[in-house]
Amino acid sequence: MSDIPFTKEMREDYTILIPNMSPIHFDLMIEAVKLNGYKVLLLNNSGPQVIQEGLKYVHNDMCYPALLVIGQMIDFIKSGKIDVNKCAVAISQTGGGCRASNYYYLLKKALERAGYPQIPVISLNLKGMNSNPGLKITPKLLLQVISGLIYGDLLMVLSHQVRPYEINKGDTDAVVKKWSDHLKECYRANKGFFWSYLDRNLAQISDDLAAIPVDRKTKHVKVGVVGEIYMKYAPLGNNNLEKFLEDEGCEVMMPPLFGFVLYGVSNGIRDYEFYGGRLRHEYHFVATKLIMPLLKRFEKKIEKAIRRHPEFAVPASIDELEEMGKTIIHTGCKMGEGWLLTAEMLELIKKGYGNIVCTQPFGCLPNHIVAKGMVRPIKELYPDSNIVPIDYDPSATRVNQENRIKLMLAVAKENLEKEEK
């Protein structure tokens, strides 16, 4: 495989293609990246041709998110909408035992086979793997991206709790769009990232969504969504699961994406406690004294904004999730979504979202352990919980997936009727 780095010279006139995992979050986070001098394009192309392109260049036994992301990139490159000699592609690289560690190499190989060996592949990671001199992940950039993540989480969590009850259909989406557009303008003006400005925006977002006229007399089935991170948030990956559930009359709860960031930092701290080592000791010191306290301040800001209105359910903090998870799973179980996924299911049940869809790529070993493997001990603790694992794969039909979810919803609706009686 050829190794074409993304250089400093390329930064000026190359467009970086980035797959869209979560529309609300990524639309905002991309603006922060642009502010730092990068030309970035967020990919939204979808359809069966994306899967077919992925199958051409990625073995169907590989992780389904990798197949989708690579298929989406190659499909867009082939569309002729981008200069193939002036573009780069960016993809996450986690490290560790997850198959996501291989995405970088899979993408390079796929581009070469597709006839685009000249396109640089940028590895998005914080571990120094396959570094590219033209991309510098600075503390300033990270904080700006995190602010986009915070705004995205608040808009996502609160809109889910308002949309099913709105009297005038479309009010919630209008508020989300208004704030997305406003925040993008703030970013372009180089403001809106930090403390007082961030606090004011978060408070106003909460107030605006709480002000939408609603009818909460009609009860809706409450459904929680957990799973592998891409499958959980990406409409391309989960076949627009969020819209499907809301069309079925459900109130959806998806845990904040920021929780996964906190989980990743927490895992580094646990590595030192479990295994020791000089490098881990240095990370442990920086993470516990600087990184985690800073991230928890952001977490508190989301919580404070949501608590302005008692009708809104507040997501659990990372510390609360860890304590919940410890009741049935060890914090050393941290491949993929690890103990966090189990803890999120427990949290959803405790908050009244006991009907849970667990999304996972077919053959994902971590999810077989921390998701499917935890269903039985969870049901022993909470017999009324209603959990359905859904596998996503090129060969899995959307009809079959939705039928399985409908069976779960049928049970949920029966339980809701019994409660009302």
# chains A, B, ... in the order shown; residues from 1 in each chain; ligands from 1
>>> select_by_dssp(residues="range 69-137 of chain A", states="helix (DSSP H, G or I)", output="PDB file with N, CA and C atoms, in the first residue's frame")
ATOM      1  N   VAL A  69     -18.689   3.325   6.095  1.00  0.00           N
ATOM      2  CA  VAL A  69     -17.923   4.569   6.009  1.00  0.00           C
ATOM      3  C   VAL A  69     -17.049   4.581   4.754  1.00  0.00           C
ATOM      4  N   ILE A  70     -16.365   3.463   4.499  1.00  0.00           N
ATOM      5  CA  ILE A  70     -15.506   3.375   3.313  1.00  0.00           C
ATOM      6  C   ILE A  70     -16.353   3.412   2.040  1.00  0.00           C
ATOM      7  N   GLY A  71     -17.489   2.717   2.056  1.00  0.00           N
ATOM      8  CA  GLY A  71     -18.383   2.762   0.903  1.00  0.00           C
ATOM      9  C   GLY A  71     -18.907   4.161   0.653  1.00  0.00           C
ATOM     10  N   GLN A  72     -19.222   4.895   1.727  1.00  0.00           N
ATOM     11  CA  GLN A  72     -19.720   6.264   1.594  1.00  0.00           C
ATOM     12  C   GLN A  72     -18.657   7.175   0.978  1.00  0.00           C
ATOM     13  N   MET A  73     -17.414   7.025   1.426  1.00  0.00           N
ATOM     14  CA  MET A  73     -16.328   7.849   0.892  1.00  0.00           C
ATOM     15  C   MET A  73     -16.077   7.571  -0.585  1.00  0.00           C
ATOM     16  N   ILE A  74     -15.969   6.315  -0.939  1.00  0.00           N
ATOM     17  CA  ILE A  74     -15.670   5.974  -2.335  1.00  0.00           C
ATOM     18  C   ILE A  74     -16.841   6.338  -3.241  1.00  0.00           C
ATOM     19  N   ASP A  75     -18.067   6.153  -2.753  1.00  0.00           N
ATOM     20  CA  ASP A  75     -19.245   6.541  -3.535  1.00  0.00           C
ATOM     21  C   ASP A  75     -19.219   8.036  -3.831  1.00  0.00           C
ATOM     22  N   PHE A  76     -18.838   8.852  -2.842  1.00  0.00           N
ATOM     23  CA  PHE A  76     -18.795  10.299  -3.061  1.00  0.00           C
ATOM     24  C   PHE A  76     -17.646  10.679  -4.004  1.00  0.00           C
ATOM     25  N   ILE A  77     -16.509  10.035  -3.813  1.00  0.00           N
ATOM     26  CA  ILE A  77     -15.358  10.338  -4.681  1.00  0.00           C
ATOM     27  C   ILE A  77     -15.692  10.006  -6.136  1.00  0.00           C
ATOM     28  N   LYS A  78     -16.382   8.899  -6.361  1.00  0.00           N
ATOM     29  CA  LYS A  78     -16.740   8.490  -7.724  1.00  0.00           C
ATOM     30  C   LYS A  78     -17.827   9.369  -8.334  1.00  0.00           C
ATOM     31  N   ARG A  99     -12.052  -3.736  16.258  1.00  0.00           N
ATOM     32  CA  ARG A  99     -11.736  -3.771  14.832  1.00  0.00           C
ATOM     33  C   ARG A  99     -11.612  -2.376  14.228  1.00  0.00           C
ATOM     34  N   ALA A 100     -12.111  -1.365  14.949  1.00  0.00           N
ATOM     35  CA  ALA A 100     -11.990   0.011  14.461  1.00  0.00           C
ATOM     36  C   ALA A 100     -10.532   0.428  14.311  1.00  0.00           C
ATOM     37  N   SER A 101      -9.615  -0.272  14.987  1.00  0.00           N
ATOM     38  CA  SER A 101      -8.190   0.036  14.846  1.00  0.00           C
ATOM     39  C   SER A 101      -7.708  -0.196  13.416  1.00  0.00           C
ATOM     40  N   ASN A 102      -8.441  -1.035  12.663  1.00  0.00           N
ATOM     41  CA  ASN A 102      -8.014  -1.390  11.313  1.00  0.00           C
ATOM     42  C   ASN A 102      -8.640  -0.513  10.229  1.00  0.00           C
ATOM     43  N   TYR A 103      -9.539   0.407  10.605  1.00  0.00           N
ATOM     44  CA  TYR A 103     -10.235   1.209   9.601  1.00  0.00           C
ATOM     45  C   TYR A 103      -9.250   1.960   8.703  1.00  0.00           C
ATOM     46  N   TYR A 104      -8.213   2.503   9.307  1.00  0.00           N
ATOM     47  CA  TYR A 104      -7.234   3.307   8.571  1.00  0.00           C
ATOM     48  C   TYR A 104      -6.628   2.482   7.426  1.00  0.00           C
ATOM     49  N   TYR A 105      -6.183   1.274   7.730  1.00  0.00           N
ATOM     50  CA  TYR A 105      -5.535   0.435   6.722  1.00  0.00           C
ATOM     51  C   TYR A 105      -6.548  -0.097   5.707  1.00  0.00           C
ATOM     52  N   LEU A 106      -7.757  -0.393   6.169  1.00  0.00           N
ATOM     53  CA  LEU A 106      -8.799  -0.839   5.245  1.00  0.00           C
ATOM     54  C   LEU A 106      -9.118   0.248   4.227  1.00  0.00           C
ATOM     55  N   LEU A 107      -9.184   1.498   4.700  1.00  0.00           N
ATOM     56  CA  LEU A 107      -9.501   2.604   3.800  1.00  0.00           C
ATOM     57  C   LEU A 107      -8.383   2.843   2.791  1.00  0.00           C
ATOM     58  N   LYS A 108      -7.129   2.784   3.236  1.00  0.00           N
ATOM     59  CA  LYS A 108      -6.001   2.968   2.323  1.00  0.00           C
ATOM     60  C   LYS A 108      -6.022   1.899   1.231  1.00  0.00           C
ATOM     61  N   LYS A 109      -6.253   0.659   1.640  1.00  0.00           N
ATOM     62  CA  LYS A 109      -6.280  -0.446   0.676  1.00  0.00           C
ATOM     63  C   LYS A 109      -7.452  -0.286  -0.296  1.00  0.00           C
ATOM     64  N   ALA A 110      -8.616   0.148   0.222  1.00  0.00           N
ATOM     65  CA  ALA A 110      -9.797   0.317  -0.623  1.00  0.00           C
ATOM     66  C   ALA A 110      -9.579   1.424  -1.657  1.00  0.00           C
ATOM     67  N   LEU A 111      -8.986   2.535  -1.237  1.00  0.00           N
ATOM     68  CA  LEU A 111      -8.728   3.630  -2.172  1.00  0.00           C
ATOM     69  C   LEU A 111      -7.773   3.205  -3.286  1.00  0.00           C
ATOM     70  N   GLU A 112      -6.772   2.422  -2.917  1.00  0.00           N
ATOM     71  CA  GLU A 112      -5.803   1.952  -3.913  1.00  0.00           C
ATOM     72  C   GLU A 112      -6.478   1.028  -4.919  1.00  0.00           C
ATOM     73  N   ARG A 113      -7.305   0.132  -4.432  1.00  0.00           N
ATOM     74  CA  ARG A 113      -8.001  -0.799  -5.322  1.00  0.00           C
ATOM     75  C   ARG A 113      -9.022  -0.073  -6.199  1.00  0.00           C
ATOM     76  N   ALA A 114      -9.604   1.026  -5.678  1.00  0.00           N
ATOM     77  CA  ALA A 114     -10.595   1.777  -6.441  1.00  0.00           C
ATOM     78  C   ALA A 114      -9.952   2.697  -7.475  1.00  0.00           C
TER      79      ALA A 114
END
>>> residues_around(residues="range 190-195 of chain A", least_positions_apart="6", cutoff="9 Å", atoms="only C-alpha atoms", output="ChimeraX atom specification")
/A:32,35,143-148,183,201,298
>>> write_last_selection(atoms="N, CA and C atoms", output="CSV table (one decimal), in the first residue's frame")
chain,number,residue,atom,x,y,z
A,32,ALA,N,-16.1,24.0,13.9
A,32,ALA,CA,-14.9,24.3,14.7
A,32,ALA,C,-13.6,23.9,14.0
A,35,LEU,N,-12.8,26.5,11.4
A,35,LEU,CA,-12.3,27.7,12.0
A,35,LEU,C,-10.8,27.7,12.2
A,143,LEU,N,-11.0,21.7,22.4
A,143,LEU,CA,-12.0,22.4,23.3
A,143,LEU,C,-13.1,22.9,22.4
A,144,GLN,N,-12.8,23.4,21.2
A,144,GLN,CA,-13.8,23.9,20.3
A,144,GLN,C,-14.7,22.8,19.8
A,145,VAL,N,-14.1,21.7,19.5
A,145,VAL,CA,-14.9,20.5,19.0
A,145,VAL,C,-15.8,20.0,20.1
A,146,ILE,N,-15.2,20.0,21.4
A,146,ILE,CA,-16.0,19.5,22.5
A,146,ILE,C,-17.2,20.4,22.7
A,147,SER,N,-17.0,21.7,22.5
A,147,SER,CA,-18.2,22.6,22.7
A,147,SER,C,-19.3,22.2,21.7
A,148,GLY,N,-18.9,21.8,20.5
A,148,GLY,CA,-19.9,21.4,19.5
A,148,GLY,C,-20.6,20.1,20.0
A,183,LEU,N,-25.6,28.7,16.1
A,183,LEU,CA,-24.3,28.2,16.6
A,183,LEU,C,-23.2,28.2,15.5
A,201,ASN,N,-25.8,30.1,26.1
A,201,ASN,CA,-26.4,29.4,25.0
A,201,ASN,C,-27.1,28.1,25.4
A,298,PHE,N,-17.6,20.4,31.8
A,298,PHE,CA,-18.5,20.5,30.6
A,298,PHE,C,-19.8,19.6,30.9
>>> atom_distance(atom1="CA of Gln161 in chain A", atom2="CA of Asn367 in chain A")
27.0 Å
>>> closest_residue(among="A:Asp199, A:Glu251, A:Glu228, A:Glu337", to="Arg297 in chain A", atoms="only C-alpha atoms")
A:Asp199
>>> closest_residue(among="A:Lys350, A:Arg188, A:Arg376, A:Lys301", to="Ile30 in chain A", atoms="only C-alpha atoms")
A:Arg188
>>> residues_around(residues="Ser317 in chain A", least_positions_apart="3", cutoff="12 Å", atoms="only C-alpha atoms", output="PyMOL selection string")
chain A and resi 255-256+258-260+262-263+295-304+314+320-324+340+343-344+347
>>> write_last_selection(atoms="C-alpha atoms", output="PDB file, in the first residue's frame")
ATOM      1  CA  PRO A 255     -27.371   8.615  25.864  1.00  0.00           C
ATOM      2  CA  PRO A 256     -25.168  11.691  25.238  1.00  0.00           C
ATOM      3  CA  PHE A 258     -20.057  13.102  25.310  1.00  0.00           C
ATOM      4  CA  GLY A 259     -20.363  10.137  27.688  1.00  0.00           C
ATOM      5  CA  PHE A 260     -18.261   8.065  25.291  1.00  0.00           C
ATOM      6  CA  LEU A 262     -15.499  10.533  29.261  1.00  0.00           C
ATOM      7  CA  TYR A 263     -15.529   6.737  29.096  1.00  0.00           C
ATOM      8  CA  LEU A 295     -14.378  17.363  30.948  1.00  0.00           C
ATOM      9  CA  LYS A 296     -16.563  16.959  34.030  1.00  0.00           C
ATOM     10  CA  ARG A 297     -17.049  20.736  34.102  1.00  0.00           C
ATOM     11  CA  PHE A 298     -18.504  20.465  30.599  1.00  0.00           C
ATOM     12  CA  GLU A 299     -20.663  17.566  31.769  1.00  0.00           C
ATOM     13  CA  LYS A 300     -21.994  19.692  34.627  1.00  0.00           C
ATOM     14  CA  LYS A 301     -22.923  22.428  32.179  1.00  0.00           C
ATOM     15  CA  ILE A 302     -25.228  20.067  30.260  1.00  0.00           C
ATOM     16  CA  GLU A 303     -26.778  18.877  33.522  1.00  0.00           C
ATOM     17  CA  LYS A 304     -27.333  22.442  34.774  1.00  0.00           C
ATOM     18  CA  VAL A 314     -31.229  14.381  33.136  1.00  0.00           C
ATOM     19  CA  GLU A 320     -23.028   7.544  38.256  1.00  0.00           C
ATOM     20  CA  LEU A 321     -22.813   5.298  35.210  1.00  0.00           C
ATOM     21  CA  GLU A 322     -19.673   3.640  36.525  1.00  0.00           C
ATOM     22  CA  GLU A 323     -21.336   2.906  39.863  1.00  0.00           C
ATOM     23  CA  MET A 324     -24.403   1.451  38.111  1.00  0.00           C
ATOM     24  CA  LEU A 340     -20.427   1.821  29.453  1.00  0.00           C
ATOM     25  CA  ALA A 343     -24.328   0.886  32.436  1.00  0.00           C
ATOM     26  CA  GLU A 344     -26.350   2.856  29.884  1.00  0.00           C
ATOM     27  CA  GLU A 347     -29.585   3.896  33.549  1.00  0.00           C
TER      28      GLU A 347
END
>>> residues_around(residues="Asp171 in chain A", least_positions_apart="5", cutoff="8 Å", atoms="only C-alpha atoms", output="PyMOL selection string")
chain A and resi 163+166+212
>>> closest_residue(among="A:Thr288, A:Gly227, A:Pro235, A:Ala410", to="Thr342 in chain A", atoms="only C-alpha atoms")
A:Gly227
>>> residues_around(residues="Asp13 in chain A", least_positions_apart="4", cutoff="12 Å", atoms="only C-alpha atoms", output="VMD selection string")
chain A and resid 6 to 9 37 to 40 83 85 to 88 134
>>> write_last_selection(atoms="C-alpha atoms", output="compact mmCIF listing (two decimals), in the first residue's frame")
# COMPACT_ATOMS: atom_id res chain seq x y z
CA PHE A 6 -1.42 14.79 4.53
CA THR A 7 1.19 17.55 4.46
CA LYS A 8 1.20 21.17 5.62
CA GLU A 9 1.13 22.31 2.00
CA GLY A 37 -7.94 26.65 8.77
CA TYR A 38 -9.08 23.31 7.32
CA LYS A 39 -11.36 22.80 4.33
CA VAL A 40 -13.81 20.13 5.43
CA ASP A 83 -11.36 16.91 -7.34
CA ASN A 85 -6.28 15.22 -6.78
CA LYS A 86 -7.21 17.87 -4.22
CA CYS A 87 -8.97 15.88 -1.51
CA ALA A 88 -8.10 13.80 1.54
CA GLY A 134 -0.72 18.74 7.95
>>> closest_residue(among="A:Glu12, A:Asp173, A:Asp153, A:Asp319", to="Leu202 in chain A", atoms="only C-alpha atoms")
A:Asp153
>>> select_by_dssp(residues="range 181-233 of chain A", states="strand (DSSP E)", output="VMD selection string")
chain A and resid 221 to 227
>>> write_last_selection(atoms="N, CA and C atoms", output="PDB file, in the first residue's frame")
ATOM      1  N   VAL A 221     -44.835   5.238  24.455  1.00  0.00           N
ATOM      2  CA  VAL A 221     -43.862   4.205  24.825  1.00  0.00           C
ATOM      3  C   VAL A 221     -42.478   4.833  24.843  1.00  0.00           C
ATOM      4  N   LYS A 222     -41.766   4.641  25.941  1.00  0.00           N
ATOM      5  CA  LYS A 222     -40.414   5.198  26.065  1.00  0.00           C
ATOM      6  C   LYS A 222     -39.394   4.132  25.681  1.00  0.00           C
ATOM      7  N   VAL A 223     -38.559   4.470  24.701  1.00  0.00           N
ATOM      8  CA  VAL A 223     -37.588   3.512  24.167  1.00  0.00           C
ATOM      9  C   VAL A 223     -36.187   4.087  24.281  1.00  0.00           C
ATOM     10  N   GLY A 224     -35.284   3.318  24.859  1.00  0.00           N
ATOM     11  CA  GLY A 224     -33.877   3.702  24.918  1.00  0.00           C
ATOM     12  C   GLY A 224     -33.104   3.029  23.788  1.00  0.00           C
ATOM     13  N   VAL A 225     -32.090   3.717  23.291  1.00  0.00           N
ATOM     14  CA  VAL A 225     -31.249   3.158  22.219  1.00  0.00           C
ATOM     15  C   VAL A 225     -29.804   3.146  22.699  1.00  0.00           C
ATOM     16  N   VAL A 226     -29.184   1.969  22.680  1.00  0.00           N
ATOM     17  CA  VAL A 226     -27.772   1.817  23.031  1.00  0.00           C
ATOM     18  C   VAL A 226     -27.091   1.010  21.935  1.00  0.00           C
ATOM     19  N   GLY A 227     -25.791   0.776  22.104  1.00  0.00           N
ATOM     20  CA  GLY A 227     -25.108  -0.089  21.147  1.00  0.00           C
ATOM     21  C   GLY A 227     -23.749   0.425  20.751  1.00  0.00           C
TER      22      GLY A 227
END
>>> closest_residue(among="A:Asn403, A:Asn267, A:Ser79, A:Ser22", to="Glu248 in chain A", atoms="only C-alpha atoms")
A:Asn403
>>> residues_around(residues="Ile91 in chain A", least_positions_apart="5", cutoff="8 Å", atoms="only C-alpha atoms", output="PyMOL selection string")
chain A and resi 18-19+103-104+121-124
>>> residues_around(residues="Ala305 in chain A", least_positions_apart="6", cutoff="12 Å", atoms="only C-alpha atoms", output="list in words")
Ile150, Tyr151, Asp153, Leu154, Leu155, Val157, Leu158, Leu198, Asp199, Arg200, Asn201, Leu202, Ala203, Gln204, Ile205, Ser206, Asp207, Asp208, Leu209, Ala210, Phe298, Glu299, Phe312, Ala313, Val314 and Pro315 of chain A
>>> closest_residue(among="A:Tyr230, A:Phe244, A:Tyr165, A:Phe285", to="Leu257 in chain A", atoms="only C-alpha atoms")
A:Tyr230
>>> atom_distance(atom1="CA of Arg398 in chain A", atom2="CA of Leu341 in chain A")
23.5 Å
